[in-house]
>>> print(open('run-v2.cif').read())   # mmCIF, C-alpha atoms
data_input
#
loop_
_atom_site.label_atom_id
_atom_site.label_comp_id
_atom_site.auth_asym_id
_atom_site.auth_seq_id
_atom_site.Cartn_x
_atom_site.Cartn_y
_atom_site.Cartn_z
CA LEU R 1 54.39 65.45 -82.63
CA ALA R 2 56.26 64.95 -85.92
CA LYS R 3 59.40 64.01 -83.99
CA LEU R 4 57.43 61.58 -81.88
CA ILE R 5 55.72 59.60 -84.65
CA GLY R 6 58.18 60.13 -87.50
CA SER R 7 57.52 61.09 -91.13
CA ASN R 8 54.66 59.86 -93.32
CA THR R 9 52.53 59.03 -90.29
CA GLY R 10 49.34 60.76 -89.26
CA ILE R 11 46.88 60.73 -86.39
CA VAL R 12 43.15 61.21 -86.74
CA GLU R 13 40.78 61.89 -83.86
CA GLN R 14 37.18 60.93 -84.57
CA TRP R 15 34.75 62.64 -82.22
CA ALA R 16 31.44 64.13 -83.31
CA ASP R 17 30.72 67.75 -82.41
CA ASP R 18 27.91 66.66 -80.11
CA SER R 19 29.85 63.76 -78.55
CA GLY R 20 29.96 64.97 -74.99
CA VAL R 21 30.39 62.98 -71.81
CA LEU R 22 26.66 62.26 -71.79
CA PRO R 23 24.61 59.06 -71.60
CA GLU R 24 22.99 59.62 -74.99
CA ASN R 25 26.45 59.67 -76.61
CA GLY R 26 27.46 56.24 -75.41
CA ASP R 27 29.21 54.76 -72.44
CA TYR R 28 32.27 56.95 -71.90
CA SER R 29 34.36 54.09 -70.51
CA LEU R 30 33.77 51.99 -73.62
CA ASN R 31 35.30 54.76 -75.77
CA SER R 32 38.77 54.00 -74.42
CA THR R 33 41.19 52.32 -76.81
CA GLY R 34 41.49 49.44 -74.36
CA ASN R 35 38.09 48.50 -75.76
CA PHE R 36 39.16 48.56 -79.43
CA GLY R 37 41.50 46.07 -81.01
CA THR R 38 42.09 43.83 -83.98
CA VAL R 39 41.90 40.11 -84.48
CA PRO R 40 45.08 39.35 -86.47
CA PRO R 41 44.85 38.43 -90.18
CA TYR R 42 43.23 35.07 -90.98
CA SER R 43 41.10 33.13 -93.47
CA PHE R 44 37.99 31.16 -92.60
CA LYS R 45 35.16 29.60 -94.60
CA GLY R 46 36.44 31.01 -97.88
CA LYS R 47 36.77 34.56 -96.56
CA ASN R 48 40.10 36.30 -96.22
CA TYR R 49 40.83 39.06 -93.76
CA PRO R 50 44.36 40.25 -94.64
CA GLN R 51 43.96 43.25 -92.30
CA GLY R 52 42.32 41.13 -89.61
CA ARG R 53 39.01 42.02 -87.98
CA LEU R 54 38.00 44.94 -85.83
CA LEU R 55 37.07 43.84 -82.33
CA TYR R 56 35.31 45.91 -79.68
CA GLY R 57 33.08 45.45 -76.67
CA ALA R 58 29.47 46.49 -76.09
CA GLY R 59 26.23 44.98 -74.84
CA LYS R 60 23.50 45.32 -72.28
CA GLY R 61 24.56 45.68 -68.67
CA TRP R 62 23.72 47.14 -65.29
CA VAL R 63 24.85 50.73 -64.85
CA GLN R 64 24.37 53.40 -62.25
CA THR R 65 22.70 56.60 -63.33
CA GLY R 66 23.07 60.03 -61.84
CA GLY R 67 26.83 60.41 -62.08
CA GLY R 68 26.66 62.62 -65.15
CA ILE R 69 27.90 59.89 -67.49
CA LEU R 70 26.77 56.39 -68.27
CA ASP R 71 29.61 54.56 -66.56
CA SER R 72 29.09 51.61 -64.24
CA SER R 73 32.02 52.56 -62.01
CA ILE R 74 30.47 55.87 -61.05
CA GLY R 75 28.33 56.05 -57.92
CA GLY R 76 25.07 57.91 -58.13
CA GLY R 77 21.47 57.00 -58.82
CA GLU R 78 19.73 53.70 -59.37
CA LEU R 79 20.90 50.57 -61.15
CA VAL R 80 19.36 50.16 -64.59
CA PHE R 81 19.79 47.45 -67.23
CA THR R 82 20.56 49.23 -70.47
CA ASP R 83 22.81 49.38 -73.52
CA ARG R 84 26.50 50.05 -72.94
CA LEU R 85 27.85 51.24 -76.28
CA PRO R 86 30.88 53.22 -77.47
CA ASP R 87 30.54 56.52 -79.29
CA ALA R 88 28.37 55.92 -82.37
CA SER R 89 30.33 58.28 -84.62
CA PHE R 90 33.62 56.53 -83.84
CA VAL R 91 32.17 53.07 -84.54
CA LYS R 92 30.65 54.38 -87.79
CA MET R 93 34.05 55.70 -88.85
CA LEU R 94 35.68 52.31 -88.20
CA ASN R 95 33.01 50.30 -90.00
CA SER R 96 33.01 52.71 -92.96
CA GLN R 97 36.56 51.67 -93.88
CA GLY R 98 35.09 48.61 -95.56
CA LEU R 99 38.14 46.41 -94.99
CA GLN R 100 37.34 44.83 -91.65
CA LYS R 101 33.90 43.71 -90.62
CA SER R 102 33.66 44.29 -86.88
CA ILE R 103 33.29 41.52 -84.32
CA VAL R 104 31.42 42.74 -81.25
CA ILE R 105 31.74 40.86 -77.97
CA ASN R 106 29.75 41.46 -74.80
CA THR R 107 31.82 43.39 -72.26
CA ALA R 108 28.89 45.16 -70.59
CA TRP R 109 29.15 42.93 -67.50
CA LEU R 110 32.61 44.32 -66.75
CA SER R 111 32.87 47.50 -64.69
CA VAL R 112 35.32 49.14 -67.07
CA GLY R 113 33.99 47.20 -70.04
CA HIS R 114 37.13 46.79 -72.15
CA ILE R 115 38.05 43.85 -74.38
CA ASP R 116 41.63 43.90 -73.09
CA GLU R 117 40.38 42.71 -69.70
CA ILE R 118 39.42 39.32 -71.10
CA VAL R 119 41.09 38.63 -74.46
CA ALA R 120 44.45 39.25 -76.16
CA PHE R 121 46.14 37.95 -79.29
CA VAL R 122 49.73 36.69 -79.30
CA PRO R 123 52.11 35.33 -81.96
CA ALA R 124 52.17 31.55 -82.31
CA ASP R 125 53.69 28.93 -84.57
CA THR R 126 50.38 27.86 -86.06
CA LYS R 127 48.72 28.01 -89.47
CA ARG R 128 47.08 31.30 -88.46
CA GLY R 129 50.23 32.63 -86.84
CA TRP R 130 48.48 33.57 -83.63
CA LYS R 131 46.59 32.35 -80.60
CA VAL R 132 44.10 34.04 -78.31
CA VAL R 133 44.72 34.55 -74.60
CA VAL R 134 41.57 34.37 -72.49
CA ALA R 135 40.99 35.22 -68.83
CA ASP R 136 39.86 32.10 -66.93
CA PRO R 137 38.12 32.74 -63.59
CA LYS R 138 37.37 29.06 -62.98
CA ALA R 139 41.06 28.23 -63.32
CA ALA R 140 41.87 30.89 -60.75
CA TRP R 141 39.26 29.48 -58.38
CA GLY R 142 40.60 25.99 -58.96
CA ILE R 143 44.11 27.06 -57.97
CA LEU R 144 42.85 28.42 -54.68
CA THR R 145 40.65 25.45 -53.83
CA LYS R 146 43.55 23.09 -54.59
CA ILE R 147 45.71 24.98 -52.08
CA ALA R 148 42.98 24.67 -49.47
CA ASP R 149 42.52 20.96 -50.22
CA GLN R 150 46.23 20.50 -49.53
CA GLY R 151 45.68 21.87 -46.02
CA LEU R 152 47.29 25.20 -46.88
CA GLY R 153 44.19 27.37 -46.67
CA ASN R 154 45.83 29.73 -44.19
CA THR R 155 48.35 30.78 -46.84
CA LYS R 156 48.24 34.53 -47.51
CA PHE R 157 46.22 35.29 -50.62
CA LEU R 158 48.50 38.20 -51.55
CA SER R 159 52.28 38.03 -51.42
CA LYS R 160 55.25 40.39 -51.70
CA LEU R 161 53.16 43.54 -51.43
CA GLU R 162 53.90 46.50 -49.19
CA LEU R 163 51.35 48.27 -47.02
CA TRP R 164 51.50 51.25 -49.34
CA ALA R 165 50.48 49.21 -52.39
CA TYR R 166 47.98 51.23 -54.41
CA GLY R 167 44.34 50.39 -53.75
CA LEU R 168 45.01 48.19 -50.75
CA VAL R 169 44.32 48.57 -47.07
CA PRO R 170 46.25 46.56 -44.44
CA GLU R 171 43.29 44.22 -43.90
CA GLU R 172 43.52 43.09 -47.52
CA LEU R 173 47.08 41.91 -46.98
CA ASP R 174 45.95 39.72 -44.10
CA LYS R 175 43.40 37.75 -46.14
CA THR R 176 44.08 34.05 -46.58
CA VAL R 177 43.15 31.60 -49.31
CA ASN R 178 40.39 30.29 -47.03
CA ASP R 179 39.00 33.82 -46.69
CA ILE R 180 38.66 33.99 -50.46
CA ILE R 181 37.18 30.59 -51.24
CA ASN R 182 34.73 30.78 -48.32
CA ASN R 183 33.29 34.03 -49.66
CA PRO R 184 29.94 33.20 -51.38
CA SER R 185 29.98 36.46 -53.33
CA LEU R 186 33.34 35.59 -54.87
CA ALA R 187 32.26 32.04 -55.61
CA ASP R 188 29.19 33.35 -57.46
CA ALA R 189 31.34 35.92 -59.29
CA GLN R 190 33.53 33.21 -60.81
CA GLU R 191 30.50 31.25 -62.00
CA PHE R 192 28.94 34.32 -63.60
CA THR R 193 32.09 35.69 -65.23
CA ASP R 194 33.08 32.25 -66.51
CA ALA R 195 29.71 31.95 -68.27
CA GLN R 196 30.16 35.38 -69.88
CA ILE R 197 33.65 34.53 -71.10
CA ALA R 198 32.41 31.19 -72.46
CA ASN R 199 29.95 33.14 -74.63
CA ILE R 200 32.78 35.35 -75.88
CA ILE R 201 34.87 32.30 -76.78
CA ARG R 202 31.86 30.87 -78.62
CA THR R 203 31.56 34.08 -80.65
CA LEU R 204 35.26 34.03 -81.55
CA LYS R 205 35.02 30.39 -82.62
CA ILE R 206 32.07 31.14 -84.88
CA GLU R 207 33.69 34.23 -86.41
CA THR R 208 37.30 33.06 -86.75
CA GLY R 209 37.25 29.28 -86.62
CA ILE R 210 39.60 28.99 -83.66
CA GLN R 211 39.60 25.72 -81.72
CA ASN R 212 40.38 25.00 -78.07
CA SER R 213 43.98 24.33 -79.09
CA ASP R 214 44.22 27.96 -80.22
CA ILE R 215 43.29 29.28 -76.78
CA ILE R 216 45.72 30.10 -73.98
CA ARG R 217 43.80 30.25 -70.72
CA VAL R 218 45.24 32.28 -67.88
CA PRO R 219 43.80 32.40 -64.34
CA VAL R 220 42.15 35.70 -63.43
CA LEU R 221 39.96 36.07 -60.34
CA PHE R 222 37.03 38.49 -60.58
CA GLU R 223 35.03 40.29 -57.91
CA PRO R 224 31.89 42.46 -57.89
CA ASN R 225 32.50 46.18 -58.19
CA TYR R 226 32.24 48.02 -54.88
CA PHE R 227 29.94 50.64 -56.48
CA ASN R 228 27.95 48.18 -58.58
CA PRO R 229 27.71 44.53 -57.47
CA LYS R 230 26.27 43.58 -60.86
CA ASN R 231 29.48 44.56 -62.64
CA PHE R 232 32.84 42.86 -62.21
CA ILE R 233 36.53 43.69 -62.07
CA ALA R 234 39.68 41.60 -61.86
CA THR R 235 40.84 41.18 -58.28
CA THR R 236 44.14 39.54 -59.26
CA PRO R 237 46.65 41.20 -61.62
CA ASN R 238 45.10 40.52 -65.01
CA ALA R 239 47.36 38.25 -67.06
CA ALA R 240 45.07 38.59 -70.09
CA ASN R 241 45.73 42.33 -70.17
CA LEU R 242 49.22 41.92 -71.57
CA VAL R 243 51.73 43.50 -73.94
CA VAL R 244 53.32 41.59 -76.82
CA ILE R 245 57.05 42.36 -76.82
CA SER R 246 58.23 40.14 -79.68
CA ASN R 247 57.34 36.99 -81.58
CA ASN R 248 58.32 34.90 -78.58
CA SER R 249 57.77 37.03 -75.49
CA VAL R 250 55.02 38.90 -73.66
CA ALA R 251 54.92 41.24 -70.68
CA VAL R 252 52.44 40.16 -68.00
CA ALA R 253 51.58 41.80 -64.67
CA LYS R 254 53.37 40.28 -61.68
CA GLN R 255 50.81 38.17 -59.85
CA HIS R 256 51.55 38.62 -56.11
CA GLY R 257 49.63 35.39 -55.57
CA PRO R 258 49.77 32.79 -52.78
CA LEU R 259 53.24 31.37 -52.12
CA VAL R 260 53.50 27.59 -51.86
CA ASN R 261 57.04 26.30 -51.34
CA VAL R 262 58.26 29.86 -52.07
CA THR R 263 56.58 29.74 -55.48
CA ASP R 264 53.82 32.11 -56.59
CA VAL R 265 51.25 29.57 -57.76
CA PHE R 266 49.48 32.00 -60.10
CA GLU R 267 52.74 33.10 -61.66
CA SER R 268 53.82 29.48 -62.12
CA VAL R 269 50.60 28.46 -63.89
CA ILE R 270 50.65 31.54 -66.13
CA SER R 271 54.31 31.10 -67.07
CA LYS R 272 53.64 27.47 -67.99
CA ALA R 273 50.60 28.41 -70.11
CA PHE R 274 52.67 30.83 -72.18
CA SER R 275 55.66 28.50 -72.30
CA CYS R 276 53.51 25.77 -73.84
CA ALA R 277 52.64 28.24 -76.58
CA GLY R 278 56.30 29.04 -77.22
CA LEU R 279 56.24 32.35 -75.37
CA SER R 280 58.29 33.54 -72.43
#
>>> encode(input="run-v2.cif", output="structure tokens")
Amino acid sequence: LAKLIGSNTGIVEQWADDSGVLPENGDYSLNSTGNFGTVPPYSFKGKNYPQGRLLYGAGKGWVQTGGGILDSSIGGGELVFTDRLPDASFVKMLNSQGLQKSIVINTAWLSVGHIDEIVAFVPADTKRGWKVVVADPKAAWGILTKIADQGLGNTKFLSKLELWAYGLVPEELDKTVNDIINNPSLADAQEFTDAQIANIIRTLKIETGIQNSDIIRVPVLFEPNYFNPKNFIATTPNAANLVVISNNSVAVAKQHGPLVNVTDVFESVISKAFSCAGLS
């Protein structure tokens, strides 16, 4: 371990003795580090946050009981509307540092429930020095409806994927843009998820002072979870779930979206969104 992390660096694991994989100890999925992050340093309304702000997801959502843990992706008993919270002892440890007052956003409507499914922070040449990337389901839906309006609705929804692609069955590869936009369940999913993300943006504006010009919107299509139709997952490679490589570049999942004139329309829109923010 010392060789891996180098000298003068330590690792602490915070986990209470009674923190088992049990409903009373929080939603196990929300304990993942994909659900814990930091808003970069900023000042707003006379308050300075030189270490930034802790950011994590929680909230009330529909979960399935009976799987042994409180996790909406697990099949089992009945659907119940209840709190989805990370481990209380871990959150207490974070808040006890006293340097960063936590910002909590509602991720309970997501199947996995992680903040990195919907928001990310990237370097930018602004007064703050950063912008926020936000998943935009309505933009994704708009791309598909535009293709259909151009008379190209029979274009394959997925492109450049092999039959062995993880999580896919051959029938999925045959779906067209028309198949997607004529699916009422998917149409409803974009309306619902867009409303949830709008609330998250509102929270970030109130807490950090960001404006629309500080937001990079990237198209992400959502669908109801197979096990729990009241929870949602990304059905396109999630461009908001990215990795910052440097001050001017990010790594984003390849989209495998519809090809129009040999161009992946999702990839084109996403590349342009980042390019406008000075990122490749």
>>> resolve_selection(input="run-v2.cif", expression="the PyMOL selection byres ((chain R and resi 208) around 8)", output="PyMOL selection string")
chain R and resi 42-44+204-207+209-210
>>> resolve_selection(input="run-v2.cif", expression="the PyMOL selection byres ((chain R and resi 83) around 7)", output="list in words")
Gly59, Lys60, Gly61, Thr82, Arg84 and Leu85 of chain R
>>> closest_atom_pairs(input="run-v2.cif", of="segment 166-195 of chain R", to="segment 228-243 of chain R", cutoff="10 Å", atoms="only C-alpha atoms", output="Markdown table")
| residue | atom | partner | partner_atom | distance |
| --- | --- | --- | --- | --- |
| R:Ser185 | CA | R:Pro229 | CA | 9.3 |
| R:Leu186 | CA | R:Thr235 | CA | 10.0 |
| R:Ala189 | CA | R:Phe232 | CA | 7.7 |
| R:Gln190 | CA | R:Phe232 | CA | 9.8 |
| R:Phe192 | CA | R:Phe232 | CA | 9.5 |
| R:Thr193 | CA | R:Phe232 | CA | 7.8 |
>>> write_last_selection(input="run-v2.cif", atoms="C-alpha atoms", output="CSV table (one decimal), in the coordinates of the input")
chain,number,residue,atom,x,y,z
R,185,SER,CA,30.0,36.5,-53.3
R,186,LEU,CA,33.3,35.6,-54.9
R,189,ALA,CA,31.3,35.9,-59.3
R,190,GLN,CA,33.5,33.2,-60.8
R,192,PHE,CA,28.9,34.3,-63.6
R,193,THR,CA,32.1,35.7,-65.2
>>> residues_around(input="run-v2.cif", residues="Asn247 of chain R", least_positions_apart="3", cutoff="9 Å", atoms="all atoms listed in the file", output="list in words")
Val122, Pro123, Ala124, Val244, Val250 and Leu279 of chain R
>>> closest_residue(input="run-v2.cif", among="R:Trp130, R:Tyr49, R:Thr145, R:Phe36", to="Leu94 of chain R", atoms="only C-alpha atoms")
R:Phe36
>>> closest_residue(input="run-v2.cif", among="R:Leu168, R:Gly257, R:Phe90, R:Thr38", to="Pro50 of chain R", atoms="all atoms listed in the file")
R:Thr38
